[in-house]
$ cat entry.cif   # mmCIF, C-alpha atoms and all ligand atoms
data_input
loop_
_atom_site.label_atom_id
_atom_site.label_comp_id
_atom_site.auth_asym_id
_atom_site.auth_seq_id
_atom_site.Cartn_x
_atom_site.Cartn_y
_atom_site.Cartn_z
CA MET A 541 -20.85 -2.66 -3.13
CA GLY A 542 -24.33 -1.22 -3.65
CA GLU A 543 -25.29 2.30 -4.62
CA HIS A 544 -23.16 5.32 -3.82
CA TRP A 545 -25.01 8.59 -3.72
CA ARG A 546 -22.07 10.64 -2.53
CA PRO A 547 -19.78 11.67 -5.39
CA VAL A 548 -16.45 10.68 -3.85
CA TRP A 549 -14.40 7.78 -5.14
CA ALA A 550 -10.90 6.36 -5.43
CA GLU A 551 -10.08 5.33 -8.96
CA ILE A 552 -7.81 2.29 -9.16
CA ASP A 553 -5.98 1.99 -12.47
CA LEU A 554 -5.34 -1.74 -12.76
CA ASP A 555 -3.51 -1.29 -16.07
CA ALA A 556 -1.00 0.88 -14.21
CA LEU A 557 -0.75 -1.77 -11.51
CA ARG A 558 -0.06 -4.49 -14.07
CA HIS A 559 2.56 -2.24 -15.67
CA ASN A 560 4.27 -1.72 -12.31
CA ALA A 561 4.23 -5.46 -11.57
CA ARG A 562 5.87 -6.19 -14.93
CA VAL A 563 8.50 -3.48 -14.38
CA LEU A 564 9.34 -4.83 -10.92
CA ARG A 565 9.49 -8.38 -12.24
CA ARG A 566 11.91 -7.39 -14.97
CA ARG A 567 14.00 -5.44 -12.47
CA ALA A 568 14.17 -8.31 -10.03
CA TYR A 569 14.57 -11.11 -12.57
CA PRO A 570 15.40 -13.95 -12.06
CA ALA A 571 13.83 -13.43 -8.64
CA ALA A 572 10.09 -14.03 -8.52
CA LEU A 573 7.67 -11.29 -7.47
CA CYS A 574 5.61 -11.42 -4.30
CA ALA A 575 2.93 -8.69 -4.42
CA VAL A 576 2.30 -7.31 -0.94
CA VAL A 577 -1.42 -6.61 -0.59
CA LYS A 578 -1.78 -6.14 3.17
CA ALA A 579 -4.07 -3.39 4.52
CA ASP A 580 -6.56 -3.98 1.71
CA GLY A 581 -3.86 -3.63 -0.91
CA TYR A 582 -2.48 -0.39 0.61
CA GLY A 583 -6.02 0.98 0.34
CA HIS A 584 -6.51 -0.03 -3.30
CA GLY A 585 -8.69 -3.11 -2.74
CA ALA A 586 -6.84 -6.37 -2.00
CA VAL A 587 -8.62 -8.82 -4.29
CA ALA A 588 -8.62 -6.58 -7.39
CA VAL A 589 -4.94 -5.77 -6.85
CA ALA A 590 -4.05 -9.41 -6.21
CA GLU A 591 -5.75 -10.57 -9.41
CA ALA A 592 -4.08 -7.87 -11.50
CA ALA A 593 -0.65 -8.52 -9.99
CA VAL A 594 -0.94 -12.25 -10.63
CA GLU A 595 -2.02 -11.59 -14.23
CA ALA A 596 1.12 -9.48 -14.65
CA GLY A 597 3.39 -12.20 -13.34
CA ALA A 598 3.42 -12.10 -9.54
CA SER A 599 3.69 -15.67 -8.32
CA TRP A 600 3.24 -14.90 -4.62
CA LEU A 601 1.08 -12.58 -2.54
CA ALA A 602 1.71 -11.41 1.02
CA VAL A 603 -0.54 -10.02 3.74
CA ALA A 604 -0.10 -9.07 7.39
CA ARG A 605 -3.00 -10.90 8.97
CA VAL A 606 -4.71 -14.26 8.71
CA GLU A 607 -8.03 -12.47 8.11
CA GLU A 608 -6.53 -10.72 5.08
CA GLY A 609 -5.37 -14.04 3.66
CA VAL A 610 -8.83 -15.52 4.12
CA VAL A 611 -10.33 -12.57 2.20
CA LEU A 612 -8.03 -13.38 -0.73
CA ARG A 613 -9.00 -17.06 -0.68
CA GLU A 614 -12.70 -16.16 -0.50
CA GLY A 615 -12.09 -13.88 -3.48
CA GLY A 616 -10.87 -16.87 -5.46
CA VAL A 617 -7.15 -16.16 -5.33
CA GLU A 618 -5.17 -19.39 -5.64
CA VAL A 619 -1.46 -18.47 -5.64
CA PRO A 620 0.62 -18.88 -2.45
CA VAL A 621 -0.19 -16.25 0.18
CA LEU A 622 2.55 -15.46 2.71
CA LEU A 623 1.62 -14.20 6.18
CA LEU A 624 4.29 -11.63 7.09
CA SER A 625 4.13 -12.24 10.85
CA GLU A 626 3.70 -15.39 12.90
CA PRO A 627 -0.03 -16.02 13.28
CA PRO A 628 -1.53 -16.33 16.77
CA GLN A 629 -1.58 -19.97 17.89
CA GLU A 630 -5.39 -20.00 17.94
CA ALA A 631 -5.38 -19.08 14.23
CA MET A 632 -3.11 -21.91 13.01
CA VAL A 633 -5.97 -24.25 12.05
CA GLU A 634 -7.49 -21.51 9.91
CA VAL A 635 -4.06 -20.82 8.37
CA VAL A 636 -3.66 -24.42 7.30
CA ALA A 637 -7.30 -24.88 6.28
CA SER A 638 -7.10 -21.79 4.04
CA GLY A 639 -3.82 -22.89 2.54
CA LEU A 640 -1.93 -19.79 3.71
CA THR A 641 1.86 -19.86 4.09
CA PRO A 642 2.77 -18.92 7.66
CA THR A 643 5.80 -17.08 8.86
CA VAL A 644 7.15 -18.52 12.12
CA TYR A 645 9.80 -17.44 14.61
CA THR A 646 8.95 -19.05 17.95
CA ALA A 647 9.05 -22.64 19.17
CA THR A 648 5.47 -22.41 20.40
CA GLY A 649 4.33 -21.07 17.04
CA ILE A 650 6.00 -23.96 15.23
CA GLU A 651 4.41 -26.50 17.61
CA ALA A 652 0.95 -24.96 17.11
CA LEU A 653 1.40 -24.99 13.34
CA GLY A 654 2.53 -28.63 13.41
CA ARG A 655 -0.49 -29.61 15.52
CA ALA A 656 -2.84 -27.81 13.11
CA ALA A 657 -1.29 -29.53 10.08
CA ALA A 658 -1.53 -32.94 11.78
CA SER A 659 -5.11 -32.41 12.93
CA LEU A 660 -6.20 -31.49 9.41
CA GLY A 661 -4.19 -34.34 7.90
CA VAL A 662 -2.21 -32.00 5.65
CA PRO A 663 0.96 -33.89 4.67
CA HIS A 664 3.29 -30.89 4.73
CA VAL A 665 2.91 -27.19 5.39
CA ASP A 666 5.76 -24.94 4.27
CA ALA A 667 6.81 -22.65 7.11
CA HIS A 668 8.78 -19.48 6.33
CA LEU A 669 11.23 -18.98 9.18
CA LYS A 670 11.98 -15.32 9.79
CA VAL A 671 15.29 -14.19 11.24
CA ASP A 672 15.79 -10.72 12.72
CA THR A 673 18.89 -9.22 11.16
CA GLY A 674 18.43 -5.69 12.50
CA MET A 675 14.89 -4.46 11.91
CA HIS A 676 14.08 -5.52 15.49
CA ARG A 677 10.34 -5.76 14.99
CA VAL A 678 9.57 -9.49 14.72
CA GLY A 679 11.76 -12.46 13.89
CA ALA A 680 13.98 -15.04 15.57
CA ASP A 681 17.28 -14.08 17.11
CA SER A 682 20.07 -15.42 14.92
CA THR A 683 21.21 -17.65 17.79
CA ASP A 684 17.80 -19.42 17.76
CA VAL A 685 17.55 -19.95 14.01
CA MET A 686 19.30 -23.30 14.08
CA SER A 687 17.04 -24.90 16.70
CA LEU A 688 13.86 -23.47 15.14
CA ALA A 689 14.80 -24.72 11.68
CA ALA A 690 15.59 -28.13 13.15
CA ALA A 691 12.19 -28.23 14.88
CA ILE A 692 10.46 -27.50 11.56
CA ASP A 693 12.56 -30.06 9.77
CA ALA A 694 11.91 -32.73 12.39
CA HIS A 695 8.14 -32.30 12.33
CA PRO A 696 6.43 -34.85 10.09
CA HIS A 697 3.91 -32.31 8.82
CA LEU A 698 6.20 -29.28 8.31
CA ARG A 699 8.88 -28.26 5.84
CA LEU A 700 11.37 -25.39 5.88
CA GLY A 701 9.73 -23.41 3.06
CA ALA A 702 12.02 -20.42 3.44
CA LEU A 703 14.43 -18.47 5.55
CA TRP A 704 13.76 -14.77 5.29
CA THR A 705 14.41 -11.36 6.82
CA HIS A 706 13.32 -7.73 6.47
CA MET A 707 15.40 -4.62 5.76
CA ALA A 708 15.21 -1.55 8.02
CA VAL A 709 16.86 1.16 5.88
CA ALA A 710 17.10 -0.19 2.34
CA GLU A 711 15.82 3.18 1.07
CA GLY A 712 18.59 5.03 2.92
CA VAL A 713 21.24 6.80 0.88
CA SER A 714 23.63 7.82 3.67
CA SER A 715 26.80 5.80 4.13
CA GLU A 716 25.56 4.81 7.58
CA ASP A 717 22.32 3.40 6.13
CA ARG A 718 24.24 1.62 3.37
CA ALA A 719 26.54 0.07 5.95
CA PHE A 720 23.57 -1.14 7.99
CA THR A 721 21.99 -2.73 4.92
CA ASP A 722 25.29 -4.49 4.22
CA LEU A 723 25.36 -5.67 7.83
CA GLN A 724 21.84 -7.12 7.48
CA VAL A 725 22.77 -8.88 4.24
CA GLY A 726 25.86 -10.32 5.93
CA ARG A 727 23.90 -11.56 8.95
CA PHE A 728 21.34 -13.15 6.66
CA GLU A 729 23.97 -14.92 4.60
CA ALA A 730 25.58 -16.19 7.81
CA ALA A 731 22.22 -17.62 8.95
CA VAL A 732 21.70 -19.35 5.59
CA ALA A 733 25.23 -20.78 5.81
CA THR A 734 24.69 -22.05 9.36
CA LEU A 735 21.56 -23.92 8.30
CA SER A 736 23.12 -25.28 5.13
CA GLY A 737 26.10 -26.49 7.15
CA ALA A 738 23.68 -28.60 9.18
CA GLY A 739 21.95 -29.92 6.08
CA LEU A 740 18.92 -27.67 6.57
CA VAL A 741 18.56 -26.00 3.20
CA PRO A 742 15.50 -23.74 2.97
CA MET A 743 13.46 -24.17 -0.21
CA THR A 744 13.79 -20.44 -0.87
CA THR A 745 15.15 -17.23 0.67
CA HIS A 746 13.85 -13.66 0.52
CA MET A 747 14.70 -10.30 2.04
CA ALA A 748 13.90 -7.41 -0.33
CA ASN A 749 11.04 -4.93 0.07
CA SER A 750 10.38 -2.32 -2.67
CA ALA A 751 13.30 -0.11 -1.69
CA ALA A 752 15.75 -3.00 -1.63
CA THR A 753 14.39 -4.40 -4.89
CA ILE A 754 14.97 -1.06 -6.58
CA ALA A 755 18.18 0.08 -4.90
CA VAL A 756 20.05 -2.94 -3.50
CA PRO A 757 20.33 -5.67 -6.15
CA GLU A 758 22.17 -8.14 -3.91
CA THR A 759 19.06 -8.41 -1.70
CA ARG A 760 16.84 -9.78 -4.45
CA ARG A 761 17.51 -13.52 -3.85
CA ALA A 762 14.81 -15.89 -5.11
CA LEU A 763 11.83 -13.71 -4.31
CA VAL A 764 11.18 -9.99 -3.76
CA ARG A 765 8.32 -8.70 -1.63
CA CYS A 766 7.09 -5.47 -3.20
CA GLY A 767 4.29 -3.34 -1.81
CA ILE A 768 4.54 0.42 -2.27
CA ALA A 769 6.29 0.30 -5.66
CA LEU A 770 3.54 -1.91 -7.03
CA TYR A 771 1.17 0.98 -6.36
CA GLY A 772 3.41 3.38 -8.27
CA VAL A 773 4.61 5.23 -5.19
CA ALA A 774 8.27 5.36 -4.25
CA PRO A 775 9.40 4.22 -0.78
CA THR A 776 10.90 7.70 -0.31
CA PRO A 777 10.79 10.84 -2.45
CA ALA A 778 14.53 10.46 -3.11
CA LEU A 779 14.00 7.00 -4.57
CA GLY A 780 10.99 8.44 -6.39
CA VAL A 781 13.28 10.57 -8.49
CA ALA A 782 15.30 7.49 -9.40
CA VAL A 783 12.13 5.59 -10.20
CA ALA A 784 10.60 8.41 -12.24
CA THR A 785 13.69 8.88 -14.34
CA ALA A 786 14.29 5.16 -14.89
CA ALA A 787 13.86 3.72 -18.36
CA GLU A 788 10.56 2.25 -17.24
CA PRO A 789 8.91 4.64 -14.75
CA LEU A 790 6.30 3.29 -12.36
CA ARG A 791 2.79 4.65 -12.78
CA PRO A 792 0.55 5.84 -9.92
CA VAL A 793 -2.41 3.51 -9.48
CA LEU A 794 -4.75 5.43 -7.18
CA SER A 795 -6.45 8.76 -7.65
CA LEU A 796 -8.92 10.31 -5.22
CA ARG A 797 -11.77 12.18 -6.83
CA ALA A 798 -15.01 13.91 -5.88
CA ARG A 799 -17.55 16.31 -7.29
CA VAL A 800 -18.49 19.79 -6.07
CA SER A 801 -21.70 19.60 -4.01
CA PHE A 802 -22.31 23.30 -3.35
CA VAL A 803 -20.98 26.66 -4.58
CA ARG A 804 -21.25 30.19 -3.15
CA ASP A 805 -19.74 33.60 -3.70
CA LEU A 806 -18.68 35.04 -0.32
CA ASP A 807 -17.67 38.56 0.64
CA ALA A 808 -14.14 39.61 1.52
CA GLY A 809 -13.50 38.86 5.19
CA ALA A 810 -15.75 35.79 5.32
CA ARG A 811 -14.03 32.94 7.18
CA PRO A 812 -15.30 29.54 6.00
CA SER A 813 -15.42 26.37 8.12
CA TYR A 814 -14.80 25.50 11.78
CA GLY A 815 -12.59 27.83 13.74
CA ARG A 816 -13.03 30.60 11.14
CA ARG A 817 -9.34 30.15 10.40
CA ARG A 818 -8.68 32.43 7.43
CA PRO A 819 -10.52 35.46 5.98
CA LEU A 820 -11.06 35.69 2.23
CA ALA A 821 -8.96 38.56 0.88
CA GLU A 822 -11.65 39.59 -1.58
CA ARG A 823 -15.09 38.51 -2.70
CA SER A 824 -14.45 34.91 -3.74
CA THR A 825 -16.08 31.76 -5.01
CA VAL A 826 -15.99 28.95 -2.46
CA ALA A 827 -16.84 25.38 -3.48
CA THR A 828 -17.81 22.66 -1.04
CA VAL A 829 -16.65 19.10 -1.71
CA PRO A 830 -18.31 16.22 0.16
CA VAL A 831 -15.10 14.56 1.38
CA GLY A 832 -13.48 14.99 4.78
CA TYR A 833 -11.19 13.54 7.37
CA ALA A 834 -13.41 10.49 7.83
CA ASP A 835 -12.44 9.67 4.24
CA GLY A 836 -8.71 10.11 4.83
CA VAL A 837 -8.34 13.78 3.92
CA PRO A 838 -6.50 14.93 7.06
CA ARG A 839 -7.82 17.93 8.92
CA ARG A 840 -4.38 19.52 8.87
CA LEU A 841 -4.28 19.60 5.07
CA PHE A 842 -5.52 23.18 5.45
CA ASP A 843 -2.78 24.16 7.92
CA CYS A 844 -0.04 22.79 5.69
CA ASN A 845 -1.33 24.65 2.62
CA GLY A 846 -2.66 21.62 0.81
CA ALA A 847 -4.46 22.08 -2.48
CA VAL A 848 -6.88 20.34 -4.81
CA LEU A 849 -7.38 20.45 -8.58
CA LEU A 850 -10.58 22.02 -9.88
CA GLY A 851 -11.11 23.13 -13.45
CA GLY A 852 -7.55 22.04 -14.22
CA ARG A 853 -6.09 24.47 -11.68
CA ARG A 854 -4.60 24.17 -8.21
CA ARG A 855 -6.86 25.69 -5.60
CA PRO A 856 -6.11 26.13 -1.89
CA LEU A 857 -8.49 25.09 0.85
CA ALA A 858 -10.64 27.91 2.20
CA GLY A 859 -10.73 26.53 5.75
CA SER A 860 -10.26 23.48 7.96
CA VAL A 861 -11.20 20.09 6.57
CA THR A 862 -14.24 18.77 8.46
CA MET A 863 -15.34 15.17 9.00
CA ASP A 864 -17.38 14.92 5.82
CA GLN A 865 -16.76 18.10 3.83
CA THR A 866 -14.00 20.39 2.61
CA VAL A 867 -14.20 23.98 1.37
CA VAL A 868 -12.10 25.11 -1.59
CA ASP A 869 -11.10 28.70 -2.41
CA CYS A 870 -11.72 29.09 -6.13
CA GLY A 871 -10.35 32.62 -6.25
CA PRO A 872 -11.96 36.03 -6.83
CA VAL A 873 -15.48 35.93 -8.20
CA GLY A 874 -15.25 35.70 -11.97
CA ASP A 875 -11.84 34.01 -11.92
CA ALA A 876 -13.40 30.70 -12.83
CA THR A 877 -16.81 29.23 -13.41
CA VAL A 878 -17.44 26.54 -10.84
CA SER A 879 -20.59 24.46 -10.82
CA VAL A 880 -22.11 21.74 -8.71
CA GLY A 881 -21.00 18.44 -10.23
CA ASP A 882 -17.56 19.66 -11.35
CA GLU A 883 -14.84 17.11 -10.74
CA VAL A 884 -12.36 17.79 -7.94
CA VAL A 885 -9.11 15.85 -7.85
CA LEU A 886 -7.50 15.46 -4.43
CA ILE A 887 -4.85 12.98 -5.55
CA GLY A 888 -4.13 12.37 -9.22
CA ARG A 889 -4.16 14.14 -12.52
CA GLN A 890 -6.56 16.69 -14.01
CA GLY A 891 -5.59 18.32 -17.29
CA ASP A 892 -1.93 19.27 -17.10
CA GLU A 893 -1.86 19.40 -13.32
CA GLU A 894 -1.09 16.56 -10.94
CA ILE A 895 -1.10 16.13 -7.18
CA THR A 896 0.85 13.05 -6.16
CA VAL A 897 0.73 10.89 -3.05
CA ASP A 898 4.29 12.07 -2.37
CA GLU A 899 3.16 15.69 -2.50
CA TRP A 900 0.55 14.94 0.15
CA ALA A 901 3.19 13.13 2.19
CA GLY A 902 5.44 16.18 1.95
CA TRP A 903 2.66 18.54 3.04
CA LEU A 904 1.68 16.31 5.93
CA GLY A 905 5.16 15.33 7.11
CA THR A 906 4.58 11.64 6.53
CA ILE A 907 5.22 8.95 3.91
CA GLY A 908 3.16 7.84 0.95
CA TYR A 909 2.30 4.57 2.68
CA GLU A 910 0.36 6.37 5.39
CA VAL A 911 -1.48 8.58 2.89
CA LEU A 912 -2.64 5.54 0.89
CA CYS A 913 -3.65 3.46 3.91
CA GLY A 914 -5.49 6.45 5.35
CA ILE A 915 -8.04 6.65 2.56
CA GLY A 916 -11.16 5.59 4.38
CA ALA A 917 -13.30 2.49 4.01
CA ARG A 918 -16.21 4.86 3.28
CA VAL A 919 -14.67 5.79 -0.10
CA PRO A 920 -15.73 3.38 -2.86
CA ARG A 921 -12.90 1.97 -4.96
CA VAL A 922 -13.65 2.04 -8.66
CA SER A 923 -11.38 -0.19 -10.69
CA LEU A 924 -10.40 0.81 -14.21
CA GLY A 925 -8.86 -1.74 -16.51
CA HIS A 926 -10.51 -4.82 -15.07
CA SER A 927 -9.97 -7.81 -17.29
CA PRO A 928 -13.26 -8.70 -18.96
CA PRO A 929 -15.82 -9.91 -18.01
CA LYS A 930 -15.35 -8.30 -14.62
CA GLY A 931 -16.02 -4.76 -15.89
CA THR A 932 -17.06 -2.22 -13.29
CA ALA A 933 -19.21 0.76 -14.16
CA LEU A 934 -17.09 3.86 -14.75
CA PRO A 935 -18.05 7.09 -13.05
CA SER A 936 -20.56 8.90 -15.20
CA GLY A 937 -19.60 12.31 -16.52
CA ARG A 938 -22.72 13.82 -15.03
CA GLY A 939 -23.32 15.36 -11.65
CA ASN A 940 -23.29 12.07 -9.80
CA GLY A 941 -20.27 10.07 -8.83
CA PRO A 942 -20.12 6.32 -9.24
C1 LIG A 1001 4.98 -4.32 4.20
C2 LIG A 1001 6.10 -5.25 4.04
C3 LIG A 1001 6.75 -5.38 2.80
C4 LIG A 1001 6.48 -4.46 1.63
O1 LIG A 1001 7.17 -3.25 1.86
P1 LIG A 1001 7.21 -2.10 0.73
O2 LIG A 1001 8.15 -1.11 1.29
O3 LIG A 1001 5.81 -1.56 0.67
O4 LIG A 1001 7.63 -2.73 -0.52
C5 LIG A 1001 7.70 -6.37 2.67
N1 LIG A 1001 8.02 -7.17 3.70
C6 LIG A 1001 7.43 -7.04 4.93
C7 LIG A 1001 7.86 -7.93 6.04
C8 LIG A 1001 6.47 -6.07 5.15
O5 LIG A 1001 5.92 -5.94 6.35
#

$ encode --input "entry.cif" --output "structure tokens"
Amino acid sequence: MGEHWRPVWAEIDLDALRHNARVLRRRAYPAALCAVVKADGYGHGAVAVAEAAVEAGASWLAVARVEEGVVLREGGVEVPVLLLSEPPQEAMVEVVASGLTPTVYTATGIEALGRAAASLGVPHVDAHLKVDTGMHRVGADSTDVMSLAAAIDAHPHLRLGALWTHMAVAEGVSSEDRAFTDLQVGRFEAAVATLSGAGLVPMTTHMANSAATIAVPETRRALVRCGIALYGVAPTPALGVAVATAAEPLRPVLSLRARVSFVRDLDAGARPSYGRRRPLAERSTVATVPVGYADGVPRRLFDCNGAVLLGGRRRPLAGSVTMDQTVVDCGPVGDATVSVGDEVVLIGRQGDEEITVDEWAGWLGTIGYEVLCGIGARVPRVSLGHSPPKGTALPSGRGNGP
């Protein structure tokens, strides 16, 4: 990754990730675990996460795009990699050549996949047929499942690797949400029965995301596809309480850290940053941190009263987040000694204090998924707990970041 002169980094605790993978595996047992590592492993670094998840017992990986699957293969990952949507027809040769497991749900997609398998002389490619049971994003209509499965089965180079579906409200706790989840399960079971009745038995079936794996045991089937929970973040804050109080709590994997780059004492009435949004009530110490919205710290974190940890204490922002820098109100002069090089925690733990991804999501009116995926490509990921000999230098305790 080269040198990083700017002291901002995301720490990725691979021991925590392995712990979460083991917890999810035990929860879902006897179902196998598919670790979802799309979007660069929800911002954690896809290859490092994939390796750690496989070490902890994941037997499948899943990504959204062909390109993401190729990155895993280039990184030396060998376990099956499921593509969660049907690849574009032009990508089917790459899919087969890279040994990725495609999802399909159109006749033209199945034809293109069959042609690619034949042209490369691959004896059989396992296609995972996706049926839409109510999410209404991608997937075959239940009335088309029979003909699509038959087309796969009839093709000399294809096999029906799986029938699968995706839940829309598995995290929901209302009776309406519960009823909809039941409806999806029922539709899925009907589709499996229709195929079986025609002698088309898929090699496996899967339907559970993290929320369903945790909260809806009957969705677990042979395989569960867990993303967010693997990263130690709950699908919703409500489920987070359940997860945190479980016998085996999940552990957060990512923390976002930086070091103070500049410190000043400013007079009462000074209004730091663009827009001069808020006057200091008294003469105060203001610290500048070299991280901004281009790194995934949203500009509106100031407006929604977001905070950071500095010196083991919560400190509010002193003004709007800018593209590359953020100003922190460290209180009245003399309240704390703040120096250039001090560690600032934006997400994670410092001393007894912690700011969680869910807390950010609450401030920003979003979900943990979006917070994690928003952490910018410009922020280096520093893995802790790499299996030897792949050790990565830890951030030094001095003024520089990693
Ligand atoms: C992203 C995704 C998952 C993982 O969802 P989590 O809620 O993060 O566990 C599973 N299945 C599909 C189809 C997805 O797109």

$ residues_near_ligand --input "entry.cif" --ligand "ligand LIG 1001 (chain A)" --cutoff "6 Å" --atoms "only C-alpha atoms and all ligand atoms" --output "number ranges by chain"
A: 576, 624, 706, 749-750, 765-768, 775

$ atom_distance --input "entry.cif" --atom1 "CA of Ile692 (chain A)" --atom2 "CA of His676 (chain A)"
22.6 Å

$ atom_distance --input "entry.cif" --atom1 "CA of Val793 (chain A)" --atom2 "CA of Tyr569 (chain A)"
22.6 Å

$ closest_residue --input "entry.cif" --among "A:Thr705, A:Ala733, A:Leu660, A:Gly583" --to "Ala752 (chain A)" --atoms "all atoms listed in the file"
A:Thr705

$ atom_distance --input "entry.cif" --atom1 "CA of His584 (chain A)" --atom2 "CA of Leu794 (chain A)"
6.9 Å

$ residues_around --input "entry.cif" --residues "Val867 (chain A)" --least-positions-apart "5" --cutoff "6 Å" --atoms "only C-alpha atoms" --output "JSON, numbers by chain"
{"A": [827, 828, 857, 858]}

$ write_last_selection --input "entry.cif" --atoms "C-alpha atoms" --output "compact mmCIF listing (two decimals), in the frame of the given file"
# COMPACT_ATOMS: atom_id res chain seq x y z
CA ALA A 827 -16.84 25.38 -3.48
CA THR A 828 -17.81 22.66 -1.04
CA LEU A 857 -8.49 25.09 0.85
CA ALA A 858 -10.64 27.91 2.20

$ residues_near_point --input "entry.cif" --point "(11.6, -14.1, -5.1)" --cutoff "7 Å" --atoms "only C-alpha atoms" --output "JSON, numbers by chain"
{"A": [571, 572, 573, 574, 746, 760, 761, 762, 763, 764]}

$ closest_residue --input "entry.cif" --among "A:Met863, A:Ala637, A:Ala691, A:Val873" --to "Asp807 (chain A)" --atoms "all atoms listed in the file"
A:Val873

$ residues_around --input "entry.cif" --residues "region 601-612 of chain A" --least-positions-apart "4" --cutoff "6 Å" --atoms "only C-alpha atoms" --output "list in words"
Cys574, Ala575, Val576, Val577, Lys578, Val587, Val617, Val621, Leu622, Leu623 and Leu624 of chain A

$ closest_residue --input "entry.cif" --among "A:Gly737, A:Pro757, A:Pro872, A:Pro547" --to "Arg567 (chain A)" --atoms "all atoms listed in the file"
A:Pro757

$ closest_residue --input "entry.cif" --among "A:Leu740, A:Val633, A:Val665, A:Val594" --to "Leu688 (chain A)" --atoms "all atoms listed in the file"
A:Leu740

$ axis_aligned_box --input "entry.cif" --around "region 852-863 of chain A" --padding-each-side "8 Å" --output "lines of an AutoDock Vina configuration file"
center_x = -10.0
center_y = 21.5
center_z = -2.6
size_x = 26.7
size_y = 28.7
size_z = 39.2

$ closest_residue --input "entry.cif" --among "A:Leu735, A:Val884, A:Val636, A:Val709" --to "Ser801 (chain A)" --atoms "all atoms listed in the file"
A:Val884

$ closest_residue --input "entry.cif" --among "A:Gly581, A:Gly925, A:Gly851, A:Gly815" --to "Gly891 (chain A)" --atoms "all atoms listed in the file"
A:Gly851

$ residues_around --input "entry.cif" --residues "Arg718 (chain A)" --least-positions-apart "6" --cutoff "12 Å" --atoms "all atoms listed in the file" --output "short mmCIF file (atom, residue, chain, number, x, y, z; two decimals) with C-alpha atoms, keeping the file's coordinate frame"
data_model
loop_
_atom_site.label_atom_id
_atom_site.label_comp_id
_atom_site.auth_asym_id
_atom_site.auth_seq_id
_atom_site.Cartn_x
_atom_site.Cartn_y
_atom_site.Cartn_z
CA MET A 707 15.40 -4.62 5.76
CA ALA A 708 15.21 -1.55 8.02
CA VAL A 709 16.86 1.16 5.88
CA ALA A 710 17.10 -0.19 2.34
CA GLU A 711 15.82 3.18 1.07
CA GLY A 712 18.59 5.03 2.92
CA GLN A 724 21.84 -7.12 7.48
CA VAL A 725 22.77 -8.88 4.24
CA ALA A 752 15.75 -3.00 -1.63
CA ALA A 755 18.18 0.08 -4.90
CA VAL A 756 20.05 -2.94 -3.50
#

$ residues_near_point --input "entry.cif" --point "(-9.2, 33.9, 7.6)" --cutoff "9 Å" --atoms "only C-alpha atoms" --output "list in words"
Gly809, Ala810, Arg811, Pro812, Arg816, Arg817, Arg818, Pro819, Leu820, Ala821, Ala858 and Gly859 of chain A

$ residues_around --input "entry.cif" --residues "region 644-653 of chain A" --least-positions-apart "5" --cutoff "8 Å" --atoms "all atoms listed in the file" --output "list in words"
Ser625, Glu626, Pro627, Pro628, Gln629, Met632, Val633, Val636, Ala667, His668, Leu669, Lys670, Val671, Val678, Gly679, Ala680, Leu688, Ala691 and Ile692 of chain A

$ build_atoms --input "entry.cif" --residues "region 639-648 of chain A" --atoms "N, CA and C atoms" --output "short mmCIF file (atom, residue, chain, number, x, y, z; two decimals), keeping the file's coordinate frame"
data_model
loop_
_atom_site.label_atom_id
_atom_site.label_comp_id
_atom_site.auth_asym_id
_atom_site.auth_seq_id
_atom_site.Cartn_x
_atom_site.Cartn_y
_atom_site.Cartn_z
N GLY A 639 -4.97 -22.73 3.42
CA GLY A 639 -3.82 -22.89 2.54
C GLY A 639 -2.94 -21.65 2.50
N LEU A 640 -2.81 -20.96 3.63
CA LEU A 640 -1.93 -19.79 3.71
C LEU A 640 -0.53 -20.26 4.12
N THR A 641 0.47 -19.49 3.75
CA THR A 641 1.86 -19.86 4.09
C THR A 641 2.31 -19.05 5.29
N PRO A 642 2.47 -19.68 6.44
CA PRO A 642 2.77 -18.92 7.66
C PRO A 642 4.25 -18.58 7.80
N THR A 643 4.49 -17.41 8.32
CA THR A 643 5.80 -17.08 8.86
C THR A 643 5.83 -17.59 10.29
N VAL A 644 6.99 -18.09 10.72
CA VAL A 644 7.15 -18.52 12.12
C VAL A 644 8.48 -18.01 12.65
N TYR A 645 8.52 -17.79 13.98
CA TYR A 645 9.80 -17.44 14.61
C TYR A 645 9.84 -17.78 16.09
N THR A 646 8.88 -18.58 16.55
CA THR A 646 8.95 -19.05 17.95
C THR A 646 8.71 -20.55 17.98
N ALA A 647 9.24 -21.19 19.02
CA ALA A 647 9.05 -22.64 19.17
C ALA A 647 7.58 -22.97 19.37
N THR A 648 6.89 -22.13 20.15
CA THR A 648 5.47 -22.41 20.40
C THR A 648 4.65 -22.23 19.13
#
